[in-house]
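Have a look at target_21.pdb; it's PDB, C-alpha atoms:
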ATOM      1  CA  MET A1367     106.938  55.166  98.667
ATOM      2  CA  ALA A1368     107.435  57.044  95.386
ATOM      3  CA  GLU A1369     110.879  58.257  96.544
ATOM      4  CA  ARG A1370     112.236  54.745  96.011
ATOM      5  CA  TYR A1371     111.385  54.867  92.349
ATOM      6  CA  ALA A1372     112.265  58.505  91.732
ATOM      7  CA  MET A1373     115.111  58.967  89.301
ATOM      8  CA  THR A1374     117.034  62.174  88.922
ATOM      9  CA  LYS A1375     116.924  63.884  85.537
ATOM     10  CA  GLY A1376     119.285  62.401  83.033
ATOM     11  CA  SER A1377     120.321  59.537  85.279
ATOM     12  CA  THR A1378     120.365  55.971  84.001
ATOM     13  CA  PRO A1379     120.848  52.720  85.912
ATOM     14  CA  GLU A1380     124.325  51.241  85.998
ATOM     15  CA  GLY A1381     125.164  48.953  83.104
ATOM     16  CA  ALA A1382     122.007  49.748  81.117
ATOM     17  CA  LYS A1383     122.261  50.744  77.482
ATOM     18  CA  VAL A1384     121.035  54.239  76.737
ATOM     19  CA  PRO A1385     119.301  54.853  73.416
ATOM     20  CA  GLU A1386     120.931  57.382  71.103
ATOM     21  CA  LEU A1387     117.923  59.731  71.169
ATOM     22  CA  VAL A1388     117.975  59.826  74.975
ATOM     23  CA  LYS A1389     121.686  60.702  74.921
ATOM     24  CA  LEU A1390     121.025  63.508  72.456
ATOM     25  CA  LYS A1391     118.144  64.761  74.604
ATOM     26  CA  ILE A1392     120.299  64.768  77.753
ATOM     27  CA  ALA A1393     123.070  66.674  75.935
ATOM     28  CA  ARG A1394     120.565  69.179  74.484
ATOM     29  CA  ASP A1395     118.948  69.761  77.900
ATOM     30  CA  ALA A1396     122.348  70.314  79.489
ATOM     31  CA  ALA A1397     123.310  72.846  76.790
ATOM     32  CA  LEU A1398     119.998  74.683  77.162
ATOM     33  CA  ALA A1399     120.322  74.756  80.950
ATOM     34  CA  GLU A1400     123.844  76.208  80.662
ATOM     35  CA  GLU A1401     122.666  78.802  78.145
ATOM     36  CA  LYS A1402     119.737  79.752  80.383
ATOM     37  CA  GLU A1403     122.063  80.127  83.372
ATOM     38  CA  LYS A1404     124.360  82.456  81.386
ATOM     39  CA  ALA A1405     121.384  84.533  80.217
ATOM     40  CA  THR A1406     120.056  84.791  83.773
ATOM     41  CA  VAL A1407     123.422  85.974  85.104
ATOM     42  CA  ALA A1408     123.744  88.528  82.275
ATOM     43  CA  LYS A1409     120.207  89.829  82.893
ATOM     44  CA  GLU A1410     120.817  90.142  86.640
ATOM     45  CA  LYS A1411     124.016  92.084  85.957
ATOM     46  CA  ALA A1412     122.262  94.416  83.476
ATOM     47  CA  THR A1413     119.386  94.976  85.917
ATOM     48  CA  ALA A1414     121.806  95.807  88.725
ATOM     49  CA  GLU A1415     123.645  98.321  86.505
ATOM     50  CA  GLN A1416     120.377  99.907  85.376
ATOM     51  CA  ARG A1417     119.104 100.127  88.949
ATOM     52  CA  GLU A1418     122.344 101.758  90.073
ATOM     53  CA  SER A1419     122.236 104.334  87.269
ATOM     54  CA  LEU A1420     118.558 105.057  87.996
ATOM     55  CA  LYS A1421     119.387 105.536  91.669
ATOM     56  CA  LYS A1422     122.146 107.982  90.759
ATOM     57  CA  ARG A1423     119.833 109.921  88.412
ATOM     58  CA  THR A1424     117.119 110.007  91.092
ATOM     59  CA  GLN A1425     119.562 111.578  93.537
ATOM     60  CA  GLU A1426     120.507 114.160  90.889
ATOM     61  CA  TYR A1427     116.815 114.955  90.329
ATOM     62  CA  GLU A1428     116.248 115.342  94.071
ATOM     63  CA  LYS A1429     119.194 117.722  94.299
ATOM     64  CA  GLU A1430     117.889 119.700  91.307
ATOM     65  CA  TYR A1431     114.400 119.982  92.882
ATOM     66  CA  ALA A1432     115.873 121.062  96.216
ATOM     67  CA  ASP A1433     118.061 123.702  94.494
ATOM     68  CA  HIS A1434     115.025 125.043  92.632
ATOM     69  CA  GLU A1435     112.990 125.290  95.859
ATOM     70  CA  ARG A1436     115.895 127.002  97.621
ATOM     71  CA  GLN A1437     116.210 129.496  94.770
ATOM     72  CA  LEU A1438     112.487 130.343  94.971
ATOM     73  CA  ILE A1439     112.713 130.851  98.722
ATOM     74  CA  ASP A1440     115.730 133.146  98.292
ATOM     75  CA  LEU A1441     113.903 135.188  95.633
ATOM     76  CA  ARG A1442     110.837 135.548  97.890
ATOM     77  CA  ARG A1443     112.986 136.736 100.791
ATOM     78  CA  GLU A1444     114.906 139.128  98.569
ATOM     79  CA  ALA A1445     111.658 140.639  97.255
ATOM     80  CA  LYS A1446     110.257 140.969 100.773
ATOM     81  CA  LEU A1447     113.392 142.715 102.045
ATOM     82  CA  GLY A1448     113.319 145.118  99.103
ATOM     83  CA  GLY A1449     109.629 145.887  99.648
ATOM     84  CA  ASN A1450     108.714 144.364  96.283
ATOM     85  CA  PHE A1451     106.302 141.671  95.237
ATOM     86  CA  PHE A1452     107.448 138.252  94.107
ATOM     87  CA  VAL A1453     105.505 136.825  91.176
ATOM     88  CA  GLU A1454     105.381 133.052  91.428
ATOM     89  CA  PRO A1455     106.465 131.191  88.252
ATOM     90  CA  GLU A1456     103.575 129.811  86.209
ATOM     91  CA  ALA A1457     102.957 126.095  86.372
ATOM     92  CA  LYS A1458     103.773 124.021  83.302
ATOM     93  CA  LEU A1459     101.428 121.172  84.134
ATOM     94  CA  ILE A1460      97.754 120.951  85.084
ATOM     95  CA  PHE A1461      95.775 117.983  86.396
ATOM     96  CA  VAL A1462      92.122 117.737  85.321
ATOM     97  CA  ILE A1463      89.472 115.414  86.803
ATOM     98  CA  ARG A1464      85.980 114.911  85.422
ATOM     99  CA  ILE A1465      83.282 115.338  88.087
ATOM    100  CA  VAL A1466      80.031 115.129  86.073
ATOM    101  CA  GLY A1467      78.604 112.251  84.022
ATOM    102  CA  ILE A1468      77.246 112.362  80.469
ATOM    103  CA  ILE A1469      73.596 113.164  81.204
ATOM    104  CA  LYS A1470      72.400 116.540  79.855
ATOM    105  CA  ILE A1471      75.744 117.674  78.434
ATOM    106  CA  SER A1472      75.570 119.624  75.213
ATOM    107  CA  PRO A1473      77.587 118.377  72.210
ATOM    108  CA  LYS A1474      80.394 120.958  72.305
ATOM    109  CA  PRO A1475      81.519 120.331  75.919
ATOM    110  CA  ARG A1476      81.066 116.609  75.315
ATOM    111  CA  LYS A1477      83.485 116.780  72.364
ATOM    112  CA  VAL A1478      85.979 118.827  74.400
ATOM    113  CA  LEU A1479      85.844 116.261  77.213
ATOM    114  CA  GLN A1480      86.503 113.569  74.630
ATOM    115  CA  LEU A1481      89.494 115.515  73.264
ATOM    116  CA  LEU A1482      90.867 115.893  76.793
ATOM    117  CA  ARG A1483      90.582 112.080  77.254
ATOM    118  CA  LEU A1484      88.008 112.530  80.035
ATOM    119  CA  LYS A1485      85.534 109.957  78.749
ATOM    120  CA  GLN A1486      83.987 108.914  82.046
ATOM    121  CA  LEU A1487      83.348 110.139  85.555
ATOM    122  CA  HIS A1488      86.402 110.468  87.864
ATOM    123  CA  ASN A1489      88.922 110.157  85.012
ATOM    124  CA  GLY A1490      92.004 112.342  85.429
ATOM    125  CA  VAL A1491      94.680 113.490  83.004
ATOM    126  CA  PHE A1492      97.836 115.588  83.070
ATOM    127  CA  LEU A1493      97.879 118.386  80.493
ATOM    128  CA  LYS A1494     100.402 120.998  79.405
ATOM    129  CA  VAL A1495      99.417 124.533  80.303
ATOM    130  CA  ASN A1496      98.979 126.479  77.076
ATOM    131  CA  LYS A1497      96.368 128.783  75.608
ATOM    132  CA  PRO A1498      94.305 126.184  73.677
ATOM    133  CA  ILE A1499      94.071 123.903  76.719
ATOM    134  CA  LEU A1500      92.975 126.794  78.940
ATOM    135  CA  GLN A1501      90.308 127.772  76.382
ATOM    136  CA  MET A1502      89.027 124.181  76.367
ATOM    137  CA  LEU A1503      88.935 124.146  80.160
ATOM    138  CA  LYS A1504      86.789 127.307  80.141
ATOM    139  CA  LEU A1505      84.266 125.473  77.946
ATOM    140  CA  VAL A1506      84.050 122.450  80.260
ATOM    141  CA  GLN A1507      84.514 124.222  83.600
ATOM    142  CA  PRO A1508      81.169 123.045  85.083
ATOM    143  CA  TYR A1509      82.033 119.419  84.351
ATOM    144  CA  VAL A1510      85.650 119.226  85.566
ATOM    145  CA  THR A1511      87.858 120.339  88.381
ATOM    146  CA  TYR A1512      91.517 121.115  87.866
ATOM    147  CA  GLY A1513      94.608 122.391  89.596
ATOM    148  CA  TYR A1514      98.367 122.629  89.498
ATOM    149  CA  PRO A1515      99.866 119.523  91.123
ATOM    150  CA  SER A1516     102.988 119.508  93.234
ATOM    151  CA  LEU A1517     105.898 117.173  92.556
ATOM    152  CA  THR A1518     104.885 114.798  95.357
ATOM    153  CA  THR A1519     101.306 114.622  94.062
ATOM    154  CA  ILE A1520     102.526 113.813  90.551
ATOM    155  CA  ARG A1521     104.841 111.132  91.887
ATOM    156  CA  GLU A1522     102.109 109.511  93.995
ATOM    157  CA  LEU A1523      99.619 109.530  91.119
ATOM    158  CA  VAL A1524     102.076 107.993  88.662
ATOM    159  CA  TYR A1525     103.171 105.310  91.137
ATOM    160  CA  LYS A1526      99.632 104.423  92.217
ATOM    161  CA  ARG A1527      97.571 104.854  89.038
ATOM    162  CA  GLY A1528     100.104 105.255  86.219
ATOM    163  CA  TYR A1529      99.519 103.715  82.805
ATOM    164  CA  ALA A1530     101.671 103.886  79.689
ATOM    165  CA  LYS A1531     100.706 103.461  76.055
ATOM    166  CA  VAL A1532     103.020 100.891  74.469
ATOM    167  CA  ASN A1533     102.317  99.618  70.949
ATOM    168  CA  LYS A1534      98.850 101.242  71.066
ATOM    169  CA  GLN A1535      98.005  99.277  74.224
ATOM    170  CA  ARG A1536      97.335 100.758  77.654
ATOM    171  CA  ILE A1537      99.745  99.009  80.031
ATOM    172  CA  ARG A1538      99.966  99.511  83.790
ATOM    173  CA  ILE A1539     103.333 100.817  84.993
ATOM    174  CA  MET A1540     104.345  97.965  87.278
ATOM    175  CA  ASP A1541     108.106  98.359  87.105
ATOM    176  CA  ASN A1542     110.810 100.271  85.291
ATOM    177  CA  ASP A1543     111.143  97.615  82.548
ATOM    178  CA  VAL A1544     107.902  98.774  80.906
ATOM    179  CA  ILE A1545     109.205 102.326  80.660
ATOM    180  CA  SER A1546     112.737 101.329  79.726
ATOM    181  CA  ASN A1547     111.582  99.104  76.860
ATOM    182  CA  ALA A1548     109.329 101.798  75.394
ATOM    183  CA  LEU A1549     111.317 105.000  76.022
ATOM    184  CA  SER A1550     114.970 103.980  76.368
ATOM    185  CA  GLU A1551     115.916 105.657  73.060
ATOM    186  CA  LYS A1552     114.658 108.975  74.502
ATOM    187  CA  GLY A1553     116.792 108.638  77.630
ATOM    188  CA  ILE A1554     113.938 107.655  79.962
ATOM    189  CA  HIS A1555     114.650 104.446  81.867
ATOM    190  CA  GLY A1556     112.364 104.602  84.893
ATOM    191  CA  VAL A1557     109.480 106.251  86.715
ATOM    192  CA  GLU A1558     111.736 108.895  88.247
ATOM    193  CA  ASP A1559     112.828 109.957  84.758
ATOM    194  CA  LEU A1560     109.148 110.373  83.855
ATOM    195  CA  VAL A1561     108.291 112.432  86.923
TER     196      VAL A1561
END
What does the file become when written as structure tokens?
Amino acid sequence: MAERYAMTKGSTPEGAKVPELVKLKIARDAALAEEKEKATVAKEKATAEQRESLKKRTQEYEKEYADHERQLIDLRREAKLGGNFFVEPEAKLIFVIRIVGIIKISPKPRKVLQLLRLKQLHNGVFLKVNKPILQMLKLVQPYVTYGYPSLTTIRELVYKRGYAKVNKQRIRIMDNDVISNALSEKGIHGVEDLV
């Protein structure tokens, strides 16, 4: 029954006088709708371009990773044929997970765990491998477990549990816009650039 009385937006009955304010409102709404439509089209175009460039960069990264793996395999084979040993390259990244709570921990390891951002049980962080970090890990070895993650493990962790710090706030990485807005000036526009 309400359909009989429904009026479309901005429509007026035939022959009725329209107040000046209503005319201005209809004109303003039309201008805003047109402006919004233009902005939406521009944003869709920019998103499509960004997605295409990210796809291209991802393919370049995949090729780079495959070339690196192929080079390592060739070096291993070459060393084996020559009767030599191949020394694996050292990892640049380490992943640390806290496995013990706060009960009965002395102050020094507690402070080190705080510095490593491992404030509660089952927290994990990525760290650069350098001498100070390794010394800290020796101090807290009974309370953490750590290892050198592979590329696929890093990717899965960042996609599933990744957070970014933007404007001193911890924000979940839901899409590439979060990363692009925060790190675009550094050339990072998506998750694949981060990994």
Discussion item. My list of candidates is A:Leu1517, A:Tyr1525, A:Ala1457, A:Ser1472. Which is closest to Leu1505 (chain A) when distances are computed with only C-alpha atoms?
Written reply: A:Ser1472
Item to complete: Find the distance between CA of Val1462 (chain A) and CA of Gly1490 (chain A) and write it in Å to one decimal.
Response: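 Interatomic distance, CA of Val1462 (chain A) to CA of Gly1490 (chain A): 5.4 Å.
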Could you work out an axis-aligned box for region 1446-1464 of chain A, taking every atom the file lists and adding 8 Å on each side, and report centre and edge lengths in Å to one decimal, as lines of an AutoDock Vina configuration file?
center_x = 99.7
center_y = 130.4
center_z = 92.7
size_x = 43.4
size_y = 47.0
size_z = 34.7
Discussion item. Translate the PyMOL selection byres ((chain A and resi 1454) around 10) into a concrete residue list for this structure, as an MDAnalysis selection string.
Written reply: chainID A and resid 1438 1441:1442 1451:1453 1455:1457
Worksheet entry | CA of Glu1558 (chain A) to CA of Val1510 (chain A), straight-line distance in Å | 28.2 Å
Worksheet, complete the sentence: Pairwise distance, CA of Val1384 (chain A) with CA of Lys1402 (chain A), equals 25.8 Å
Item to complete: Would you mind telling me which residue in A:Ile1499, A:Val1557, A:Val1506, A:Val1388 lies nearest to Ala1530 (chain A) when using all atoms listed in the file?
Response: A:Val1557
Item to complete: Enumerate, as a ChimeraX atom specification, the residues matched when the PyMOL selection byres ((chain A and resi 1541) around 12) is run on the file above.
Response: /A:1413,1417,1524-1526,1528-1530,1537-1540,1542-1547,1555-1558
Discussion item. On this structure, the PyMOL selection byres ((chain A and resi 1477-1483) around 12) would catch which residues? List them as a ChimeraX atom specification, sorted by chain and number.
Written reply: /A:1460-1468,1471-1476,1484-1494,1498-1510
